[in-house]
>>> print(open('upload-v5.cif').read())   # mmCIF, C-alpha atoms
data_coords
#
loop_
_atom_site.label_atom_id
_atom_site.label_comp_id
_atom_site.auth_asym_id
_atom_site.auth_seq_id
_atom_site.Cartn_x
_atom_site.Cartn_y
_atom_site.Cartn_z
CA MET A 1 -7.19 -14.54 -17.12
CA ALA A 2 -9.19 -14.29 -13.91
CA PRO A 3 -9.49 -10.80 -12.43
CA LYS A 4 -7.61 -9.95 -9.26
CA ASN A 5 -10.85 -9.04 -7.55
CA ARG A 6 -14.50 -9.92 -8.04
CA ILE A 7 -16.91 -7.58 -6.33
CA ILE A 8 -20.57 -7.02 -5.60
CA ILE A 9 -21.44 -3.34 -5.35
CA ASP A 10 -24.39 -2.49 -3.10
CA THR A 11 -25.27 1.07 -3.94
CA ASP A 12 -27.84 3.88 -3.89
CA PRO A 13 -26.84 5.75 -7.05
CA GLY A 14 -26.60 9.42 -6.43
CA VAL A 15 -23.68 11.57 -7.59
CA ASP A 16 -20.65 9.96 -5.93
CA ASP A 17 -22.16 6.46 -6.24
CA VAL A 18 -22.29 6.90 -10.03
CA LEU A 19 -18.69 8.10 -10.01
CA ALA A 20 -17.77 4.95 -8.07
CA LEU A 21 -19.65 2.70 -10.51
CA LEU A 22 -17.97 4.37 -13.48
CA LEU A 23 -14.58 3.89 -11.85
CA ALA A 24 -15.27 0.19 -11.35
CA LEU A 25 -16.60 -0.39 -14.87
CA SER A 26 -13.69 1.51 -16.45
CA ALA A 27 -11.13 -0.77 -14.75
CA LYS A 28 -8.95 -3.18 -16.65
CA PRO A 29 -10.68 -6.57 -16.84
CA GLU A 30 -7.65 -8.27 -15.32
CA ASP A 31 -7.93 -6.01 -12.28
CA LEU A 32 -11.63 -6.08 -11.48
CA GLU A 33 -14.90 -7.80 -12.27
CA VAL A 34 -18.16 -6.27 -11.14
CA ALA A 35 -20.14 -9.47 -10.66
CA MET A 36 -23.28 -7.79 -9.38
CA ILE A 37 -24.83 -4.40 -8.67
CA SER A 38 -27.39 -4.37 -5.88
CA VAL A 39 -29.50 -1.21 -6.01
CA THR A 40 -30.94 0.06 -2.74
CA TYR A 41 -32.74 3.15 -1.51
CA GLY A 42 -30.68 6.08 -0.30
CA ASN A 43 -31.02 9.86 -0.46
CA VAL A 44 -33.85 9.19 -2.91
CA PRO A 45 -36.27 6.24 -3.29
CA ARG A 46 -35.17 3.00 -4.95
CA THR A 47 -37.14 3.76 -8.11
CA SER A 48 -34.86 6.76 -8.66
CA THR A 49 -31.60 5.04 -7.73
CA ALA A 50 -32.40 2.12 -10.03
CA LYS A 51 -33.25 4.44 -12.91
CA ASN A 52 -29.96 6.28 -12.33
CA ALA A 53 -27.98 3.03 -12.42
CA LEU A 54 -29.59 1.83 -15.64
CA SER A 55 -29.31 5.26 -17.24
CA MET A 56 -25.58 5.12 -16.56
CA PHE A 57 -25.32 2.03 -18.79
CA HIS A 58 -27.43 3.81 -21.42
CA VAL A 59 -25.01 6.76 -21.34
CA LEU A 60 -21.97 4.47 -21.52
CA TYR A 61 -23.42 2.71 -24.57
CA HIS A 62 -23.65 6.05 -26.39
CA GLU A 63 -20.31 7.22 -25.02
CA LEU A 64 -18.46 4.22 -26.43
CA LYS A 65 -20.17 4.70 -29.80
CA TRP A 66 -19.13 8.36 -29.75
CA ARG A 67 -15.53 7.52 -28.86
CA GLU A 68 -15.33 4.93 -31.60
CA LYS A 69 -16.74 7.39 -34.16
CA HIS A 70 -14.21 10.05 -33.17
CA GLY A 71 -11.23 7.73 -32.98
CA LYS A 72 -11.02 7.96 -29.20
CA ASP A 73 -11.81 4.34 -28.40
CA SER A 74 -9.39 1.51 -27.66
CA ASN A 75 -9.56 -1.98 -26.25
CA LYS A 76 -8.61 -0.60 -22.85
CA THR A 77 -11.54 1.82 -22.61
CA TYR A 78 -14.04 0.61 -20.03
CA GLY A 79 -12.52 -2.85 -20.16
CA ALA A 80 -14.44 -4.28 -17.21
CA LEU A 81 -17.70 -3.04 -18.74
CA LYS A 82 -16.97 -4.87 -21.99
CA ALA A 83 -15.54 -8.05 -20.49
CA TYR A 84 -18.24 -8.85 -17.93
CA LYS A 85 -22.01 -8.55 -17.64
CA PRO A 86 -22.85 -7.72 -14.04
CA LEU A 87 -26.12 -8.92 -12.61
CA ILE A 88 -28.37 -6.07 -11.51
CA ALA A 89 -30.94 -6.77 -8.80
CA LEU A 90 -33.17 -4.55 -6.70
CA GLY A 91 -32.43 -4.36 -3.00
CA ALA A 92 -34.16 -2.80 -0.02
CA GLN A 93 -36.70 -0.01 -0.37
CA HIS A 94 -36.49 1.22 3.22
CA ALA A 95 -34.85 0.53 6.57
CA LEU A 96 -35.29 -2.76 8.41
CA GLU A 97 -37.55 -1.56 11.20
CA GLU A 98 -39.16 1.58 9.88
CA LYS A 99 -40.39 3.35 6.80
CA LEU A 100 -38.44 6.49 7.63
CA HIS A 101 -36.63 7.66 4.52
CA ALA A 102 -33.68 9.79 5.51
CA LYS A 103 -32.95 12.36 2.83
CA ASP A 104 -31.15 15.65 2.72
CA GLY A 105 -31.59 16.82 -0.87
CA PHE A 106 -27.85 16.78 -1.49
CA HIS A 107 -28.24 14.77 -4.69
CA GLY A 108 -31.37 16.52 -5.93
CA VAL A 109 -34.91 15.23 -6.18
CA ASP A 110 -33.98 12.27 -8.43
CA GLY A 111 -30.47 11.61 -7.13
CA LEU A 112 -28.78 13.28 -10.11
CA HIS A 113 -30.08 16.84 -9.95
CA GLY A 114 -32.78 16.54 -12.58
CA VAL A 115 -30.56 15.17 -15.35
CA HIS A 116 -33.33 12.99 -16.77
CA ALA A 117 -35.48 16.02 -17.54
CA GLU A 118 -32.53 18.02 -18.88
CA TYR A 119 -31.19 15.26 -21.14
CA PRO A 120 -34.08 12.95 -22.05
CA ASP A 121 -31.96 11.45 -24.84
CA LEU A 122 -29.58 10.16 -22.16
CA SER A 123 -32.33 8.78 -19.95
CA ILE A 124 -34.04 5.42 -20.21
CA LYS A 125 -37.71 4.72 -20.81
CA ASP A 126 -39.97 4.23 -17.82
CA THR A 127 -40.58 0.66 -18.95
CA TRP A 128 -37.24 -0.32 -17.37
CA GLU A 129 -39.12 -1.70 -14.35
CA TRP A 130 -40.37 -4.62 -16.42
CA ALA A 131 -36.89 -6.13 -16.34
CA PHE A 132 -37.28 -6.68 -12.59
CA GLU A 133 -40.97 -7.07 -11.87
CA ASN A 134 -44.46 -6.51 -13.24
CA ALA A 135 -44.19 -2.78 -13.63
CA THR A 136 -46.79 -0.09 -13.07
CA LEU A 137 -45.31 2.36 -15.57
CA GLY A 138 -46.09 1.82 -19.24
CA GLU A 139 -46.57 -1.41 -21.15
CA GLU A 140 -44.10 -4.25 -21.20
CA PRO A 141 -41.50 -3.44 -23.88
CA THR A 142 -41.36 -5.62 -26.98
CA GLU A 143 -37.91 -4.50 -28.13
CA VAL A 144 -34.57 -4.98 -26.40
CA GLU A 145 -32.75 -1.73 -25.70
CA PRO A 146 -29.14 -1.84 -26.99
CA TYR A 147 -27.62 -0.65 -23.70
CA THR A 148 -28.85 -3.81 -21.97
CA GLU A 149 -26.03 -5.75 -23.65
CA PHE A 150 -23.80 -4.64 -20.78
CA PHE A 151 -25.70 -6.33 -17.92
CA GLN A 152 -28.21 -8.95 -16.82
CA THR A 153 -31.23 -8.36 -14.62
CA SER A 154 -32.83 -10.51 -11.96
CA ARG A 155 -36.37 -10.63 -10.60
CA GLU A 156 -35.05 -12.09 -7.36
CA PRO A 157 -34.44 -9.69 -4.44
CA ALA A 158 -30.84 -8.49 -4.31
CA HIS A 159 -30.08 -10.06 -0.92
CA LYS A 160 -31.00 -13.49 -2.30
CA GLU A 161 -28.80 -12.97 -5.35
CA ILE A 162 -25.91 -11.92 -3.11
CA LEU A 163 -26.25 -15.18 -1.21
CA ARG A 164 -26.53 -17.20 -4.41
CA LEU A 165 -23.32 -15.74 -5.83
CA LEU A 166 -21.48 -16.33 -2.57
CA ARG A 167 -22.82 -19.88 -2.37
CA GLU A 168 -21.86 -20.74 -5.94
CA SER A 169 -18.37 -19.23 -5.72
CA PRO A 170 -15.41 -20.54 -3.72
CA ALA A 171 -15.12 -18.92 -0.32
CA ASP A 172 -13.00 -15.76 -0.17
CA THR A 173 -13.30 -14.99 -3.88
CA ILE A 174 -15.99 -12.28 -3.84
CA SER A 175 -15.87 -9.01 -1.92
CA ILE A 176 -18.82 -6.72 -1.27
CA VAL A 177 -18.44 -2.96 -1.58
CA ALA A 178 -21.33 -1.28 0.26
CA LEU A 179 -21.82 2.35 -0.74
CA GLY A 180 -25.29 3.01 0.69
CA PRO A 181 -27.45 2.08 3.68
CA LEU A 182 -26.60 -1.45 4.82
CA THR A 183 -30.17 -2.78 4.75
CA THR A 184 -29.74 -5.21 1.84
CA VAL A 185 -26.44 -6.49 3.24
CA ALA A 186 -28.06 -7.03 6.64
CA MET A 187 -30.92 -8.93 5.00
CA ALA A 188 -28.46 -11.32 3.35
CA ALA A 189 -26.59 -11.81 6.62
CA ALA A 190 -29.83 -12.51 8.50
CA GLU A 191 -31.15 -15.03 6.01
CA ASP A 192 -28.04 -17.22 5.83
CA SER A 193 -25.18 -16.12 8.06
CA GLU A 194 -22.78 -18.90 7.12
CA THR A 195 -23.17 -18.33 3.40
CA PHE A 196 -22.76 -14.60 3.90
CA LEU A 197 -19.51 -15.17 5.79
CA ARG A 198 -18.02 -16.75 2.66
CA VAL A 199 -17.39 -13.16 1.52
CA LYS A 200 -13.72 -12.30 1.19
CA GLU A 201 -14.13 -8.78 2.57
CA LEU A 202 -16.92 -6.31 3.17
CA VAL A 203 -15.85 -2.78 2.36
CA VAL A 204 -18.21 -0.22 3.87
CA MET A 205 -18.40 3.48 3.14
CA GLY A 206 -20.02 4.80 6.27
CA GLY A 207 -19.72 6.29 9.69
CA ALA A 208 -17.81 9.07 11.37
CA VAL A 209 -15.42 8.00 14.12
CA ALA A 210 -13.50 11.10 15.19
CA VAL A 211 -15.08 13.74 12.94
CA PRO A 212 -18.58 15.26 12.73
CA GLY A 213 -21.34 13.54 10.79
CA ASN A 214 -22.78 14.82 7.53
CA ILE A 215 -26.53 14.45 8.10
CA THR A 216 -26.53 15.17 11.85
CA PRO A 217 -23.73 16.40 14.12
CA LEU A 218 -22.81 12.77 14.85
CA GLY A 219 -24.39 10.70 12.10
CA GLU A 220 -23.06 9.86 8.65
CA PHE A 221 -25.87 9.30 6.13
CA ASN A 222 -25.41 5.62 5.25
CA ILE A 223 -25.30 4.51 8.88
CA TYR A 224 -27.99 6.96 9.98
CA ALA A 225 -30.40 5.75 7.28
CA ASP A 226 -30.57 2.29 8.87
CA PRO A 227 -28.54 2.06 12.08
CA VAL A 228 -30.11 -1.30 12.98
CA ALA A 229 -28.84 -2.82 9.74
CA ALA A 230 -25.38 -1.34 10.30
CA ALA A 231 -25.25 -2.61 13.89
CA ARG A 232 -26.24 -6.11 12.79
CA VAL A 233 -23.61 -6.21 10.06
CA PHE A 234 -20.89 -4.82 12.32
CA ALA A 235 -21.79 -7.46 14.94
CA LEU A 236 -20.61 -10.23 12.62
CA THR A 237 -17.04 -9.04 13.16
CA SER A 238 -17.31 -10.01 16.83
CA LYS A 239 -16.40 -13.34 18.40
CA GLU A 240 -19.75 -13.01 20.16
CA PRO A 241 -22.12 -11.17 17.78
CA SER A 242 -24.84 -11.06 20.44
CA SER A 243 -22.67 -8.67 22.45
CA THR A 244 -23.27 -5.80 20.02
CA LEU A 245 -26.59 -6.67 18.38
CA PRO A 246 -29.15 -3.87 18.75
CA PRO A 247 -32.12 -4.43 21.05
CA LYS A 248 -35.26 -5.62 19.33
CA ASN A 249 -37.73 -2.80 18.84
CA LYS A 250 -41.11 -4.12 19.90
CA ASP A 251 -42.73 -0.75 19.31
CA LEU A 252 -42.09 -0.86 15.56
CA PRO A 253 -43.40 -4.20 14.26
CA LEU A 254 -42.75 -5.07 10.65
CA GLN A 255 -45.28 -3.50 8.28
CA PRO A 256 -47.26 -5.58 5.72
CA ASP A 257 -45.00 -4.51 2.87
CA TYR A 258 -41.98 -5.91 4.70
CA GLU A 259 -43.04 -9.41 3.69
CA ASP A 260 -39.93 -9.96 1.55
CA TYR A 261 -37.62 -9.00 4.41
CA PRO A 262 -36.13 -11.92 6.36
CA LYS A 263 -36.98 -12.26 10.02
CA LEU A 264 -34.24 -10.58 12.00
CA GLN A 265 -33.42 -13.37 14.37
CA ASP A 266 -30.30 -13.54 16.51
CA TYR A 267 -27.26 -14.98 14.80
CA PRO A 268 -26.31 -18.58 15.66
CA LYS A 269 -24.24 -18.77 18.84
CA LYS A 270 -21.45 -20.51 16.97
CA LEU A 271 -20.35 -19.24 13.59
CA SER A 272 -17.52 -20.70 11.54
CA ARG A 273 -15.69 -17.39 11.19
CA GLN A 274 -15.83 -13.66 11.79
CA LEU A 275 -16.65 -11.12 9.10
CA LYS A 276 -13.71 -9.18 7.70
CA LEU A 277 -15.02 -5.62 7.51
CA THR A 278 -13.00 -2.71 6.20
CA LEU A 279 -14.50 0.67 7.07
CA PHE A 280 -14.16 3.90 5.12
CA PRO A 281 -15.67 6.53 7.45
CA LEU A 282 -15.86 10.25 6.77
CA ASP A 283 -12.55 10.57 8.61
CA ILE A 284 -10.69 9.14 5.61
CA THR A 285 -13.02 9.81 2.66
CA THR A 286 -13.71 13.52 3.18
CA PRO A 287 -10.13 14.69 2.42
CA HIS A 288 -10.37 13.12 -1.06
CA VAL A 289 -12.02 15.89 -3.05
CA ILE A 290 -12.48 17.04 -6.60
CA GLU A 291 -12.82 20.77 -7.07
CA LYS A 292 -15.24 22.26 -9.57
CA ASP A 293 -12.46 24.05 -11.43
CA PHE A 294 -10.50 20.82 -11.77
CA PHE A 295 -13.52 18.87 -13.00
CA ASP A 296 -14.58 21.57 -15.45
CA ALA A 297 -11.11 21.93 -16.95
CA ARG A 298 -11.18 18.26 -17.94
CA VAL A 299 -14.83 17.69 -18.77
CA THR A 300 -16.09 20.94 -20.34
CA PRO A 301 -13.99 20.56 -23.54
CA LEU A 302 -15.32 17.01 -23.94
CA LYS A 303 -18.86 18.24 -23.45
CA GLU A 304 -18.34 20.85 -26.17
CA GLN A 305 -17.10 18.07 -28.45
CA GLY A 306 -20.31 16.14 -27.85
CA SER A 307 -19.27 13.43 -25.39
CA PRO A 308 -22.47 11.89 -23.96
CA LEU A 309 -20.74 11.04 -20.67
CA ALA A 310 -19.36 14.57 -20.35
CA ARG A 311 -22.77 16.14 -21.08
CA TRP A 312 -24.51 13.86 -18.58
CA SER A 313 -21.99 14.10 -15.74
CA LYS A 314 -21.37 17.84 -16.13
CA TRP A 315 -25.03 18.52 -15.41
CA TRP A 316 -25.27 16.64 -12.13
CA MET A 317 -21.82 17.67 -11.00
CA ASP A 318 -22.82 21.32 -11.51
CA GLY A 319 -25.92 20.58 -9.46
CA VAL A 320 -24.04 19.12 -6.55
CA TYR A 321 -21.41 21.88 -6.60
CA LYS A 322 -24.19 24.46 -6.37
CA ARG A 323 -25.68 22.56 -3.42
CA ILE A 324 -22.29 22.49 -1.67
CA GLN A 325 -21.98 26.26 -2.03
CA GLN A 326 -25.46 26.72 -0.57
CA ASP A 327 -24.73 24.39 2.35
CA GLU A 328 -21.43 26.08 3.16
CA GLY A 329 -22.84 29.57 2.63
CA VAL A 330 -19.72 30.73 0.80
CA LEU A 331 -20.65 31.37 -2.82
CA GLU A 332 -17.36 33.02 -3.77
CA THR A 333 -15.21 29.99 -2.89
CA PRO A 334 -14.86 27.28 -5.55
CA PRO A 335 -16.71 24.21 -4.20
CA ALA A 336 -15.18 20.76 -3.85
CA LEU A 337 -16.97 17.39 -3.76
CA ALA A 338 -15.74 14.73 -1.35
CA LEU A 339 -15.20 11.42 -3.17
CA HIS A 340 -16.60 9.16 -0.45
CA ASP A 341 -17.83 6.22 -2.54
CA PRO A 342 -15.19 6.30 -5.28
CA ALA A 343 -12.49 5.96 -2.61
CA CYS A 344 -13.80 2.48 -1.76
CA VAL A 345 -13.57 1.34 -5.39
CA TRP A 346 -10.09 2.87 -5.64
CA TYR A 347 -9.14 0.65 -2.72
CA MET A 348 -10.43 -2.44 -4.54
CA LEU A 349 -8.40 -1.52 -7.62
CA THR A 350 -5.15 -0.82 -5.76
CA ARG A 351 -5.48 -2.74 -2.50
CA ASP A 352 -2.00 -4.27 -2.94
CA ASP A 353 -0.44 -0.81 -2.73
CA PRO A 354 1.36 -0.61 0.66
CA ALA A 355 0.21 3.00 0.93
CA TRP A 356 -3.18 1.69 2.03
CA LYS A 357 -3.10 1.27 5.78
CA GLY A 358 -5.67 0.23 8.32
CA VAL A 359 -5.53 0.65 12.07
CA SER A 360 -2.71 -1.20 13.80
CA GLN A 361 -5.25 -3.14 15.87
CA LEU A 362 -8.84 -3.93 14.92
CA GLU A 363 -11.24 -1.48 16.55
CA ASP A 364 -14.41 -2.03 18.54
CA ILE A 365 -16.67 0.38 16.65
CA ARG A 366 -20.36 0.15 17.51
CA VAL A 367 -23.50 1.79 16.17
CA GLU A 368 -26.01 3.74 18.24
CA THR A 369 -29.48 2.65 17.15
CA GLY A 370 -31.83 4.32 19.60
CA GLY A 371 -30.54 7.76 20.53
CA GLN A 372 -32.76 10.77 20.00
CA TRP A 373 -29.83 12.92 18.90
CA THR A 374 -27.16 10.26 18.38
CA ARG A 375 -28.85 7.92 15.88
CA GLY A 376 -26.22 6.30 13.67
CA MET A 377 -23.30 7.52 15.77
CA ASN A 378 -20.16 5.41 15.76
CA VAL A 379 -19.36 4.67 19.39
CA VAL A 380 -15.81 3.84 20.46
CA ASP A 381 -14.36 3.45 23.94
CA ARG A 382 -12.05 6.41 24.48
CA ARG A 383 -11.41 5.60 28.15
CA ASN A 384 -7.84 4.75 28.99
CA LEU A 385 -8.72 1.47 30.68
CA GLN A 386 -6.83 -1.80 30.66
CA LYS A 387 -8.79 -4.40 28.73
CA LEU A 388 -9.23 -7.90 30.03
CA THR A 389 -7.16 -10.68 28.49
CA GLU A 390 -8.37 -14.14 27.55
CA ALA A 391 -6.72 -15.44 30.73
CA ASP A 392 -8.67 -12.91 32.78
CA ILE A 393 -12.01 -14.20 31.54
CA GLU A 394 -11.97 -17.27 33.77
CA THR A 395 -11.55 -15.21 36.94
CA HIS A 396 -13.57 -12.13 36.03
CA GLU A 397 -16.82 -11.80 37.93
CA PRO A 398 -19.49 -9.72 36.20
CA ARG A 399 -20.88 -6.76 38.08
CA PRO A 400 -24.12 -7.70 39.95
CA LEU A 401 -27.26 -7.01 37.97
CA THR A 402 -29.50 -6.62 41.01
CA PRO A 403 -29.80 -3.60 43.31
CA ASP A 404 -27.39 -3.68 46.19
CA GLY A 405 -26.05 -1.22 48.72
CA PRO A 406 -27.59 1.64 50.67
CA GLU A 407 -29.10 3.25 47.54
CA ALA A 408 -30.91 0.08 46.52
CA SER A 409 -34.29 1.43 47.58
CA ASP A 410 -33.88 4.31 45.10
CA ILE A 411 -33.37 2.00 42.13
CA THR A 412 -36.22 0.54 40.12
CA ILE A 413 -35.87 -2.74 38.32
CA SER A 414 -36.28 -0.97 34.94
CA GLU A 415 -33.11 1.01 35.66
CA ILE A 416 -30.96 -2.08 36.06
CA PRO A 417 -28.86 -2.72 32.95
CA PRO A 418 -29.89 -5.98 31.24
CA VAL A 419 -26.25 -6.87 30.57
CA ASP A 420 -22.95 -6.38 32.29
CA VAL A 421 -22.02 -3.16 30.50
CA PHE A 422 -18.49 -3.12 31.86
CA ASP A 423 -17.90 -6.68 30.70
CA SER A 424 -19.38 -5.84 27.29
CA TRP A 425 -16.66 -3.28 26.64
CA MET A 426 -13.74 -4.91 28.44
CA ASN A 427 -14.17 -8.56 27.47
CA PRO A 428 -11.91 -9.42 24.47
CA ARG A 429 -14.46 -11.93 23.24
CA LYS A 430 -17.12 -9.26 22.98
CA GLY A 431 -17.33 -6.12 20.91
CA ASN A 432 -16.75 -5.59 17.20
CA ARG A 433 -13.44 -5.99 15.39
CA ILE A 434 -13.24 -3.58 12.47
CA ASN A 435 -10.41 -2.57 10.19
CA ARG A 436 -10.68 1.18 9.74
CA ILE A 437 -8.70 2.69 6.88
CA VAL A 438 -6.46 5.50 8.13
CA GLN A 439 -4.13 6.06 5.16
CA THR A 440 -4.55 6.01 1.37
CA PRO A 441 -2.13 6.46 -1.55
CA GLY A 442 -2.81 10.20 -1.40
CA PHE A 443 -5.58 12.73 -0.89
CA ASP A 444 -4.44 14.95 -3.76
CA ILE A 445 -3.78 12.37 -6.47
CA PHE A 446 -7.12 10.59 -6.52
CA LYS A 447 -9.06 13.22 -8.48
CA LYS A 448 -6.65 12.89 -11.41
CA VAL A 449 -6.72 9.11 -11.21
CA LEU A 450 -10.51 9.22 -11.31
CA LEU A 451 -10.88 11.54 -14.29
CA ASP A 452 -8.06 9.87 -16.25
CA GLN A 453 -9.89 6.56 -15.97
CA LEU A 454 -13.41 7.84 -16.62
CA PHE A 455 -12.64 10.16 -19.54
#
>>> encode(input="upload-v5.cif", output="structure tokens")
Amino acid sequence: MAPKNRIIIDTDPGVDDVLALLLALSAKPEDLEVAMISVTYGNVPRTSTAKNALSMFHVLYHELKWREKHGKDSNKTYGALKAYKPLIALGAQHALEEKLHAKDGFHGVDGLHGVHAEYPDLSIKDTWEWAFENATLGEEPTEVEPYTEFFQTSREPAHKEILRLLRESPADTISIVALGPLTTVAMAAAEDSETFLRVKELVVMGGAVAVPGNITPLGEFNIYADPVAAARVFALTSKEPSSTLPPKNKDLPLQPDYEDYPKLQDYPKKLSRQLKLTLFPLDITTPHVIEKDFFDARVTPLKEQGSPLARWSKWWMDGVYKRIQQDEGVLETPPALALHDPACVWYMLTRDDPAWKGVSQLEDIRVETGGQWTRGMNVVDRRNLQKLTEADIETHEPRPLTPDGPEASDITISEIPPVDVFDSWMNPRKGNRINRIVQTPGFDIFKKVLLDQLF
């Protein structure tokens, strides 16, 4: 029986990314197939996020053995993990136009609060890199690790594997769930736009529309980390992608180690379709939380019984809860972790539930790529202005782009906008068209759903 949904997860495994991956792999095989995991950089470098992803499979291998030994296993436990072997490929190591690595320490120095040092028996050997490329750490392994039975690896860059899967599958049969910076996704879209648009839906965890950011006052981490990539991906939702593409940054030419990145050319003027993008910004993900007391009540007894997954996850969850208390400066209040990334996987598992609701009309949400203080900001038009209609387009005359009037002598040519800004926002053919999720099956029920499925 074919699964209801096949997905590619593009992720930068830190704490909530791992929770999202576990939720996907613990699904029923008839509900979900994880066809591929693309590992990108994020709060920590790609070497750390990749090690975290592979260590998760190592932990699950031992967890299933432990459950079987203690009579806790069944055919329904981690069904998607057992039924399918996702392809794992390495994605981007840094943003498209810069080497800046945005990090805030929220997930610890290795992305999982030092769990590899605390539980070396639950961590993988450094020779894992050999599965993807000629590694620099250790000698090439001669034995196959048992946990590798759950996945395949590729030496091809992740963006090329994404395109291959989309090309080899019927259109509208694979969705992409992007849980980290959108660099790898943007690379795939740049290399072959038409193949990329075969995707059924792109689900993005990112942005902050009407709430504050989480890495700056206006920026959410995933969008902030590579705003150019986000802007390019969002532009594919437009009837005229060129209307929202970011300006080319001539001051930051590609570095020598960008040689595997595709050239970021403009999209073709005519594309066969628009991208269907469903956005999960902080506005909707932040209210879905799991409190420390709630997590501990369920997981601590399993840890005491010897569950490898409980031991492993309890360590990095304790780490992130401690960080939350430090950030909020209120040590006496029980901390709660927002389930940003897991919410996107929950959507893929239950998307037929009518409780999921997007905006009544697709929104023109754009990404600020060049602001000193507004990098990564989601920009929306909050002016109460009447938009043009398709019929208006034929008669609309763009605002002159040359100085005119009595103040013309005070205007320099560099101050003249290169496009008709008014037309850019008012023209129905221009601007992005994004489905922003505004309602879920429930803020309070998700934490129980998550732990029931994982443990």
>>> residues_around(input="upload-v5.cif", residues="Leu302 of chain A", least_positions_apart="3", cutoff="12 Å", atoms="all atoms listed in the file", output="list of chain:residue names")
A:Glu63, A:Trp66, A:Arg67, A:His70, A:Lys72, A:Phe295, A:Asp296, A:Ala297, A:Arg298, A:Val299, A:Gln305, A:Gly306, A:Ser307, A:Pro308, A:Leu309, A:Ala310, A:Arg311, A:Trp312, A:Ser313, A:Lys314, A:Leu451, A:Leu454, A:Phe455
>>> closest_residue(input="upload-v5.cif", among="A:Leu54, A:Asp444, A:Met317, A:Arg167", to="Asp293 of chain A", atoms="only C-alpha atoms")
A:Met317
>>> resolve_selection(input="upload-v5.cif", expression="the PyMOL selection byres ((chain A and resi 384-388) around 7)", output="PyMOL selection string")
chain A and resi 382-383+389-390+392+426-428
>>> closest_atom_pairs(input="upload-v5.cif", of="segment 181-291 of chain A", to="segment 350-355 of chain A", cutoff="12 Å", atoms="only C-alpha atoms", output="Markdown table")
| residue | atom | partner | partner_atom | distance |
| --- | --- | --- | --- | --- |
| A:Glu201 | CA | A:Arg351 | CA | 11.7 |
| A:Val203 | CA | A:Arg351 | CA | 11.5 |
| A:Thr278 | CA | A:Arg351 | CA | 11.5 |
>>> write_last_selection(input="upload-v5.cif", atoms="C-alpha atoms", output="mmCIF file, keeping the file's coordinate frame")
data_model
loop_
_atom_site.group_PDB
_atom_site.id
_atom_site.type_symbol
_atom_site.label_atom_id
_atom_site.label_comp_id
_atom_site.auth_asym_id
_atom_site.auth_seq_id
_atom_site.Cartn_x
_atom_site.Cartn_y
_atom_site.Cartn_z
ATOM 1 C CA GLU A 201 -14.130 -8.780 2.570
ATOM 2 C CA VAL A 203 -15.850 -2.780 2.360
ATOM 3 C CA THR A 278 -13.000 -2.710 6.200
#
>>> residues_near_point(input="upload-v5.cif", point="(-6.4, -5.4, 13.0)", cutoff="12 Å", atoms="all atoms listed in the file", output="list in words")
Thr237, Lys276, Leu277, Thr278, Leu279, Lys357, Gly358, Val359, Ser360, Gln361, Leu362, Glu363, Asp364, Asn432, Arg433, Ile434, Asn435, Arg436, Ile437 and Val438 of chain A
